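Peer 1: First the structure, then my questions, so here it is.
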Amino acid sequence: MDFLRPASWEEALAAKAAHPAAVPIAGGTDVMVEINFDHRRPEHLLDLNRVGELSEWEVGDETVRLGASVPYSRVMGCLRAELPGLALASHTVASPQIRNRGGVGGNLGTASPAGDAHPALLAAGAEVEAESVRGSRRIPIDAFYTGVKRNALEPDELIRAVHVKKATGPQQYSKVGTRNAMVIAVCAFGLALHPESRTVRTGIGSAAPTPVRAQAAEEFLNAALEEAGLWDSGAPLPPSVAARFAELAAGACNPIDDVRGTARYRRHAIGVLARRQLGWTWEQYRGAHTLEGAA
């Protein structure tokens with residue numbers, strides 16, 4: 001196994017072009033597990049740790065540009081206000097050591113359905129900035145996951161950054177696991193309210209072959225909120241709406257039975273997470289709406 005160690009982003013792109021099968025490694029929290037268990041034996045490893053810009057982020061007027069190697073601990077500590085859903089997801093990642101090394105770019109590159117960042121990125125409506133020597137492009141998160149541990153990257157492309165809209169409303173994230181740390185999700189759910197567009201987005205992890213959105217649940221809730229004028233009134237959410245949202249969210253799953261949980265349990269748990277998160281986020285929205293009205 002050859003170890004490539006570019007000193008700049010341009011060198012990294014050139015190395016990836018010369019060796020398209022090279023596996024990028026930055027935090028290494030996913031790649032090294034696969035190598036140690038002999039699940040992967042690449043001819044080349046492409047070390048990106050000397051490319052400093054991948055560990056930087058920029059907060060703009062509407063979005064945050066998050067370098068692919070920004071560690072989860074930085075998201076938790078520095079971007080909690082702008083990216084609350086992703087910050088909550090970052091809290092659930094493994095252990096402090098892993099959170100100090102791992103980043104969103106690695107989660108996206110591996111594209112495991114159990115990756116902790118995926119539901120939050122789906123709910124937020126993120127875009128993945130991919131680049132090669134041929135140029136750069138942005139891939140909408142909805143189009144990024146193409147199969148089990150497969151993504152939309154071309155063989156010569158690397159993930160440079162993730163663009164995530166700054167939160168304009170409450171966001172939540174929950175994960176079901178057999179313990180509180182160092183555990184792969186049995187299932188996970190993310191929810192984001194977007195008051196400026198009067199829409200709701202969701203993300204489901206570890207309950208389908210790829211991370212997915214509960215689109216039928218979103219469409220139902222969007223219509224229910226609009227028809228009842230709840231965005232304007234900030235009134236309580238009818239229990240029947242929450243129950244139907246949870247039912248539709250559970251229906252969006254396509255899980256399997258494995259050592260971590262049964263398909264039946266995953267569907268049930270996603271429904272519970274969806275109902276709870278809807279309650280939490282709507283109460284947050286109502287509280288903010290009341291404060292705005294009083295002002």
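FYI, nothing fancy with the structure tokens labels: chains A, B, ... in order, residues from 1 per chain, ligands from 1 as they appear.
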Taking the DSSP assignment computed from this structure's backbone, write out as a PyMOL selection string all residues of stretch 29-258 of chain A that belong to helix (DSSP H, G or I).
Peer 2: chain A and resi 31-36+52-55+72-78+84-91+96-101+104-110+118-124+141-144+215-227+230-233+239-251
Peer 1: Within 12 Å of stretch 255-270 of chain A, which residues of stretch 97-133 of chain A come that close, and what is the closest atom pair and distance in Å for each? Count only C-alpha atoms and give it as a tab-separated table.
Peer 2:
```
residue	atom	partner	partner_atom	distance
A:Pro113	CA	A:Pro255	CA	10.3
A:Ala114	CA	A:Arg260	CA	11.2
A:Pro119	CA	A:Ile270	CA	11.8
```
Peer 1: Quick one: contact table of stretch 122-141 of chain A to stretch 79-94 of chain A, 12 Å max, nearest atom pair and distance in Å to one decimal per residue, counting only C-alpha atoms, chain and number order, as JSON lines?
Peer 2:
```
{"residue": "A:Leu122", "atom": "CA", "partner": "A:Leu86", "partner_atom": "CA", "distance": 10.1}
{"residue": "A:Ala123", "atom": "CA", "partner": "A:Gly85", "partner_atom": "CA", "distance": 8.1}
{"residue": "A:Ala124", "atom": "CA", "partner": "A:Gly85", "partner_atom": "CA", "distance": 7.7}
{"residue": "A:Gly125", "atom": "CA", "partner": "A:Gly85", "partner_atom": "CA", "distance": 11.4}
{"residue": "A:Ala126", "atom": "CA", "partner": "A:Leu86", "partner_atom": "CA", "distance": 10.7}
```
Peer 1: Nearest to A:Leu54 among A:Arg276, A:Arg160, A:Lys175, A:His19, with distances taken over only C-alpha atoms: which residue is it?
Peer 2: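 For A:Leu54, the nearest of the given residues is A:Arg160.
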Peer 1: Using only C-alpha atoms, which residue out of A:Gly279, A:Gly203, A:Pro42, A:Gly103 lies closest to A:Leu237?
Peer 2: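 Between A:Gly279, A:Gly203, A:Pro42, A:Gly103, the residue approaching A:Leu237 most closely is A:Gly279.
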Peer 1: Name the residues of stretch 30-215 of chain A that come out as strand (DSSP E) in a backbone DSSP run; write them as a ChimeraX atom specification.
Peer 2: /A:44-47,57-59,63-67,127-132,135-140,145-147,150-151,158-165,171-176,187-194,199-205
Peer 1: Give me the stretch 163-203 of chain A side of the contact with stretch 231-234 of chain A, cut-off 10 Å, one line per residue showing its nearest atom pair and distance in Å at one decimal, counting only C-alpha atoms, sorted by chain and residue number, as JSON lines.
Peer 2:
```
{"residue": "A:Pro195", "atom": "CA", "partner": "A:Trp231", "partner_atom": "CA", "distance": 7.3}
{"residue": "A:Glu196", "atom": "CA", "partner": "A:Trp231", "partner_atom": "CA", "distance": 9.9}
{"residue": "A:Arg198", "atom": "CA", "partner": "A:Trp231", "partner_atom": "CA", "distance": 7.1}
{"residue": "A:Thr199", "atom": "CA", "partner": "A:Trp231", "partner_atom": "CA", "distance": 9.7}
```
Peer 1: What does the distance from atom CA of A:Leu66 to atom CA of A:Pro140 come to in Å, to one decimal?
Peer 2: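 For atom CA of A:Leu66 relative to atom CA of A:Pro140, the distance reads 14.8 Å.
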Peer 1: Could you please determine the separation between atom CA of A:Phe144 and atom CA of A:Ile98 in Å, to one decimal place?
Peer 2: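 Distance reported for this atom pair: 24.2 Å.
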Peer 1: Determine the nearest neighbour of A:Lys16 from the options A:Val31, A:Val70, A:Leu158, A:Met76, counting only C-alpha atoms.
Peer 2: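 For A:Lys16, the nearest of the candidates is A:Leu158.
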Peer 1: Between A:Cys253, A:Ser240, A:Gly28, A:Cys187, which has the minimum distance to A:Ala216 (counting only C-alpha atoms)?
Peer 2: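 Of the candidates, the smallest distance to A:Ala216 is held by A:Cys253.
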Peer 1: Which residues are close to A:Glu131, i.e. within 10 Å by only C-alpha atoms, leaving aside same-chain residues fewer than 3 positions away? Reply as a tab-separated table (two decimals) with N, CA and C atoms, in the first residue's frame.
Peer 2:
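Result file selection.tsv:
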```tsv
chain	number	residue	atom	x	y	z
A	9	TRP	N	-4.00	21.55	-1.79
A	9	TRP	CA	-5.20	21.04	-2.43
A	9	TRP	C	-4.94	20.71	-3.90
A	13	LEU	N	-5.55	17.07	-5.69
A	13	LEU	CA	-6.35	16.81	-6.88
A	13	LEU	C	-5.52	16.11	-7.96
A	128	VAL	N	-22.93	19.38	-1.35
A	128	VAL	CA	-21.56	18.88	-1.25
A	128	VAL	C	-20.73	19.51	-2.36
A	134	ARG	N	-10.61	18.66	-13.27
A	134	ARG	CA	-11.50	19.10	-14.36
A	134	ARG	C	-12.38	20.29	-13.96
A	135	GLY	N	-12.47	20.56	-12.65
A	135	GLY	CA	-13.32	21.64	-12.19
A	135	GLY	C	-14.07	21.25	-10.93
A	136	SER	N	-14.96	22.14	-10.49
A	136	SER	CA	-15.70	21.89	-9.26
A	136	SER	C	-17.20	21.92	-9.55
A	137	ARG	N	-17.97	21.32	-8.66
A	137	ARG	CA	-19.43	21.33	-8.77
A	137	ARG	C	-20.02	21.16	-7.39
A	138	ARG	N	-21.29	21.52	-7.27
A	138	ARG	CA	-22.02	21.30	-6.03
A	138	ARG	C	-23.09	20.25	-6.26
A	153	LEU	N	-19.87	10.91	-6.24
A	153	LEU	CA	-18.55	11.40	-6.64
A	153	LEU	C	-18.02	10.62	-7.83
A	154	GLU	N	-17.36	11.33	-8.75
A	154	GLU	CA	-16.63	10.68	-9.82
A	154	GLU	C	-15.30	10.15	-9.27
A	156	ASP	N	-12.29	10.65	-9.88
A	156	ASP	CA	-11.18	11.59	-9.69
A	156	ASP	C	-11.56	12.78	-8.81
A	157	GLU	N	-12.74	12.74	-8.19
A	157	GLU	CA	-13.20	13.87	-7.38
A	157	GLU	C	-12.91	13.67	-5.89
A	158	LEU	N	-12.70	14.78	-5.22
A	158	LEU	CA	-12.57	14.82	-3.76
A	158	LEU	C	-13.60	15.79	-3.20
A	159	ILE	N	-14.02	15.54	-1.97
A	159	ILE	CA	-14.93	16.46	-1.29
A	159	ILE	C	-14.10	17.59	-0.69
A	160	ARG	N	-14.42	18.80	-1.08
A	160	ARG	CA	-13.68	19.95	-0.57
A	160	ARG	C	-14.40	20.59	0.62
A	161	ALA	N	-15.72	20.68	0.53
A	161	ALA	CA	-16.49	21.34	1.59
A	161	ALA	C	-17.94	20.92	1.50
```
Peer 1: At a cut-off of 6 Å, using only C-alpha atoms, what residues contact A:Val51? Leave out same-chain residues fewer than 2 positions from it and give the result as a short mmCIF file (atom, residue, chain, number, x, y, z; two decimals) with N, CA, C and O atoms, in the first residue's frame.
Peer 2:
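What follows is the written file result.cif:
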```
data_model
loop_
_atom_site.label_atom_id
_atom_site.label_comp_id
_atom_site.auth_asym_id
_atom_site.auth_seq_id
_atom_site.Cartn_x
_atom_site.Cartn_y
_atom_site.Cartn_z
N ALA A 7 0.87 18.28 -0.21
CA ALA A 7 1.03 19.42 0.69
C ALA A 7 0.02 20.52 0.43
O ALA A 7 -0.07 21.48 1.19
N SER A 8 -0.75 20.41 -0.65
CA SER A 8 -1.72 21.44 -1.00
C SER A 8 -2.92 20.78 -1.65
O SER A 8 -2.89 19.61 -2.05
N TRP A 9 -4.00 21.55 -1.79
CA TRP A 9 -5.20 21.04 -2.43
C TRP A 9 -4.94 20.71 -3.90
O TRP A 9 -5.42 19.70 -4.41
N LEU A 48 -4.81 13.64 3.48
CA LEU A 48 -5.19 15.04 3.26
C LEU A 48 -4.90 15.92 4.48
O LEU A 48 -5.31 17.08 4.50
N ASN A 49 -4.18 15.43 5.45
CA ASN A 49 -4.00 16.18 6.69
C ASN A 49 -3.13 17.41 6.54
O ASN A 49 -3.20 18.32 7.36
N GLU A 53 -6.72 24.04 4.45
CA GLU A 53 -8.00 24.68 4.16
C GLU A 53 -9.18 23.74 4.40
O GLU A 53 -10.30 24.20 4.62
#
```
